[in-house]
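Engineer: One structure is given below, represented as structure tokens, and several questions about it will come after.
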Amino acid sequence: MARFIVRRTLYALVLLFIASVAIFYGMRVAPGDVADVMSNPLNSVYSAQNLRQKLGLDKPLPVQYVTYMGHLLSGNPGSSLVTGKPIMATLTSAGGYTLKLALAATLLTYATAIPLGLLAAWKRNSVLDQGVMVLAVLGMGLPNFFLAILLIQLFAVKLRWLPIAGYETPQTIILPAVCLAAEAIAINLRVVRSSVLEELNRDYVRTLEAKGLPEGRILWLHVLRNASPPIIALAGVMLRTLLGYTLIVETIFRWPGLGYQLVNAVLQRDYPVAQTLALLLTLAVIVFNLLADLGQQWADPRVRHQAGAA
Amino acid sequence: MTDELQRSDALGSLVDGYRRARVSRREFLRRAGLLGLSIPAAASLLAAAGAVPAMAQQQPKPGGRFTIGYDRDFTKMDPVQSNWADPGYNALYEYTMIRDPKDGNPVPDLAESWQIAADNLTWTLKIRDGLKFQSGAPCTAANVVEDFNIFRDPKQGQNAIFWASVSDVSAGPGNTVVVKLSKPFAAFPETLATEYSMIYNNATRKAVGDQYGATKADGTGPFTLTQFSPGNQVLMTRWDGYAGSIVPFVTNKGKAYLDELRYVPILETAQRANEIETGTVDAVRNPGGQDVDRLKANPDLVVMEWPNPANFFLALDCANADLGFNDLRVRQAISHAIDREGIVKAIYFGHASATYGPIASNWKWYNPAVEQYNKFDPNLAKSLLDQAGWTVGSGGVREKNGKKLSWTNVNFGDQPFNAPIIEAITGMLKDVGVDMKSESLGLAQFVPARGATPPPPSFSQEWLWSSPMDVLIIFGKAIPSEAYNGNIAALNAAFDEWQSAATDAQLKAAAMQAQLIWAQQLPKIPVVTENAIYVNRKTVHGWQPSQTMLYPLYNDVWVEH
């Protein structure tokens, strides 16, 4: 296990380096630069050129890369070129909100998908099973911006049960979390259901039933554990999807997270912000996939054994 | 729509607001005055409005927070370097002179008075005594001189192009600023009464560096910057050291009533109406056009609406002979093919104005003679193209000498309505045999695309600025080049007359002439001007957006709490 973690850590560092170069270069070759964004249309040509010089954008790209990485590794990624706001301040405030929303969406996903998927599989072809499958189809079929509008109109505007937008009270996280989690719930519902169905056909389940164990215990203690590897494997992939949707959810609900900051930074060619956030996202995906792999090893001794042999 | 009709519309809204008990008697008289009514006339109108529910004369209540939903994300609060000016500028900073909402004429702000020499080549501005910046540092003529010299430096100032007539700025005796001009410049107040000429403390700006306007701002305005978080909020706190205002149309001459100002970006258009209706915000700017009528019918809300100092235009490269854009008939044909009223109805739900000249009709020197040009007339468009030698070829696209009248337009996609407008225009042009495709680009791509060599055959965007003639001069000459804009001698002469005018009468004459020539010669084709729509809950008082300024002041604002 230790060897596995060390190997994966080294692998992560190499990945991060490649990602940093790709992100840096990708931002620079995109048409236009930050001086074009910052320059008011009424500006003189000279002030835009002066700005480029001031921001060091006239230096060779490798020099700019080394300068940026130097700042980043020293713990100070600098400030936004467009707004002047220190990037660490943005990370601290917006990062906190993104984490809250992602955690809420993740909890909601598994708190909904696992019990419902389990029950749907257990009561296969029942009304409950059919209902759960309809829910899954809706969750996958409805675009989340459309779902957001529906939820806002119903719960915030008509019924006034929930706040319409913002982040000031605990209730403000509910609608954005539901929107963000909808597709993940739907996908996980189907994966849980099919994975559990596979396990339910196995001999050990019949043996446990014959031994007189209660249904609930069989399902939750034995079947679920054995059905979990694909669910855990999916978790690593779901993170990317979740983070990808945060922009839409953050914009509609005025949730001040990092998704909006990242996309806005890319569109405005705010190089240090875009590069830092993109690297952070890459790191998050790497770490999460590592955790998912570790989780699989815990859940499935065969995988653990194979990893040990390797 | 003429100026009179606009005023009548605004008065109608005011009377309606009074009848619905959304506007108090005192507020009615104040706003009627801002719309140009004398007190006796306003009182007569009030009496004629009939019996209204008793509404106690409310006294401003200090304290509370005013939350404003803004229709874009925030830019740095820095008058020297930012890509846009936010409403927060009016809370943090002050102008040397400011436009009176009644007539657009300059009135004192930080400059309590000004003298113009007999030769019209020297302006002496008397700066108010006893002013301070929010940091506590004094604000004197020397600070204003320092700021002016930065504003007019082409390497630094965003509006430097408008200071071209200024040859020297220095401090004079008695806390005055002496501005020397190379030629008469009666339009100088147009330059001073903009957000990029607001007075800030340069010593603070130098000390804070690139983070100025984000972590700290230092002006003389009634609020200080507490928090700046793009995508989240901008918070400002009342500054108790504020020297007060001498602006004539500001009632509260002391410190602000509000404890806090809070701006939140509501980027999703439909959410603006939702948030103001549910009271999540106290005021909002530019709700969706489809929501405006509903908001107007809401007894808890006050809605104000008028044409923005803005215009969406299509700019054809007047030097492009391949596509015939150098031929006025072709430009006119394209203009006649555009159904502006249709765009107003379909895209803005009626909350915009068709523009046949370059400036909206509520500007003080609007020339109504432009309205006889550029009317929607597809048959005339076809006839003009035929005359110019562009005949319908294969696929319904016009051709001349084997060249199809087909090109790709570069559209500024970041402004919300630009893409649907240009799509609508594309369809309209197709009907007359013109094949224009369009590519909508974000700002970072649009700016270099617009300024590329060779330039694009056409581009489209909206301008928004409180000094319309200054914008026309930029877009009529410099952007992207004089050749692109047709080098129209008469138009350039009108611009020169504006920039060297010695009196308001000369300014007006130059402006009227410029608009007329623009409508006739079409260096750029004007299309529509969207309305500025402001909505506030009736628990908010004293918030008075104006047609002559981009954003309102906050000195008089108070909220019921």
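Every chain in the structure tokens takes a letter, A first, then B, and so on in the order presented; its residues are numbered from 1, and the ligands are numbered from 1 following the presented order.
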Give the residues of chain B that lie within 9 Å of chain A; count only C-alpha atoms, and format the answer as a ChimeraX atom specification.
Structural biologist: /B:74-77,81-84,153-161,209-215,228-233,264-268,270-271,274-275,277-278,280,442-449,463,471,474-475,479
Engineer: So which residues of region 29-224 of chain B fall under helix (DSSP H, G or I) by DSSP, listed as a ChimeraX atom specification?
Structural biologist: /B:29-34,39-48,89-92,141-151,160-163,188-192,195-197,202-211
Engineer: Might you pull out every residue within 7 Å of Pro523 (chain B), with only C-alpha atoms counted and same-chain residues fewer than 3 positions away left off, and present them as an MDAnalysis selection string?
Structural biologist: chainID B and resid 318 476 485:486 518
Engineer: Provide the CA of Glu560 (chain B) to CA of Arg238 (chain B) distance in Å, to one decimal place.
Structural biologist: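 Rounded to one decimal, the two atoms are 16.8 Å apart.
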Engineer: Near region 19-23 of chain A, within 12 Å and counting only C-alpha atoms, which residues show up once chain neighbours fewer than 4 positions away are dropped, as a CSV table (one decimal) with C-alpha atoms, in the first residue's frame?
Structural biologist:
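The resulting selection-v5.csv:
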chain,number,residue,atom,x,y,z
A,12,ALA,CA,0.9,13.0,-9.7
A,13,LEU,CA,3.8,15.3,-9.6
A,14,VAL,CA,4.8,14.5,-13.2
A,15,LEU,CA,1.2,15.0,-14.3
A,27,MET,CA,-3.7,30.3,-22.3
A,28,ARG,CA,-0.9,32.1,-24.2
A,29,VAL,CA,-1.8,30.7,-27.7
A,30,ALA,CA,-5.5,31.6,-27.3
A,61,LEU,CA,7.2,32.7,-22.8
A,62,PRO,CA,9.7,30.4,-21.0
A,64,GLN,CA,7.0,34.1,-18.1
A,65,TYR,CA,6.5,30.5,-17.2
A,66,VAL,CA,9.4,30.3,-14.8
A,68,TYR,CA,4.8,32.3,-12.7
A,69,MET,CA,5.9,28.9,-11.3
A,72,LEU,CA,3.2,29.7,-7.3
A,73,LEU,CA,5.8,27.4,-5.6
A,266,VAL,CA,-10.0,32.0,-19.0
A,269,ARG,CA,-7.2,35.9,-20.3
A,271,TYR,CA,-3.4,34.3,-16.8
A,272,PRO,CA,-2.4,33.9,-13.2
A,273,VAL,CA,-5.9,33.2,-12.0
A,274,ALA,CA,-6.8,30.8,-14.8
A,275,GLN,CA,-3.5,29.0,-14.5
A,276,THR,CA,-3.7,28.6,-10.7
A,277,LEU,CA,-7.3,27.5,-10.7
A,278,ALA,CA,-6.8,25.1,-13.6
A,279,LEU,CA,-3.8,23.5,-11.8
A,280,LEU,CA,-5.9,23.3,-8.6
A,281,LEU,CA,-8.6,21.5,-10.5
A,282,THR,CA,-6.1,19.1,-11.9
A,283,LEU,CA,-4.7,18.5,-8.5
A,285,VAL,CA,-9.0,15.3,-9.9
A,286,ILE,CA,-5.7,13.5,-9.2
Engineer: Hey, can you check how far CA of Glu168 (chain A) sits from CA of Gly88 (chain B)?
Structural biologist: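 Pair CA of Glu168 (chain A) / CA of Gly88 (chain B) returns 21.4 Å.
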Engineer: Neighbouring residues of region 123-127 of chain A were defined as those with any atom within 10 Å, considering only C-alpha atoms; residues of the same chain fewer than 5 positions away were excluded. Please report them as a ChimeraX atom specification.
Structural biologist: /A:117-118,132-133,193,197
Engineer: For Lys400 (chain B), find every residue with an atom within 9 Å (counting only C-alpha atoms), except residues of its own chain fewer than 6 positions away, and show them as a PyMOL selection string.
Structural biologist: chain B and resi 323+388-393
Engineer: With only C-alpha atoms as the atoms that count, which of B:Ala337, B:Leu384, B:Ala32, B:Ile246 lies nearest to Val527 (chain B)?
Structural biologist: B:Ala337
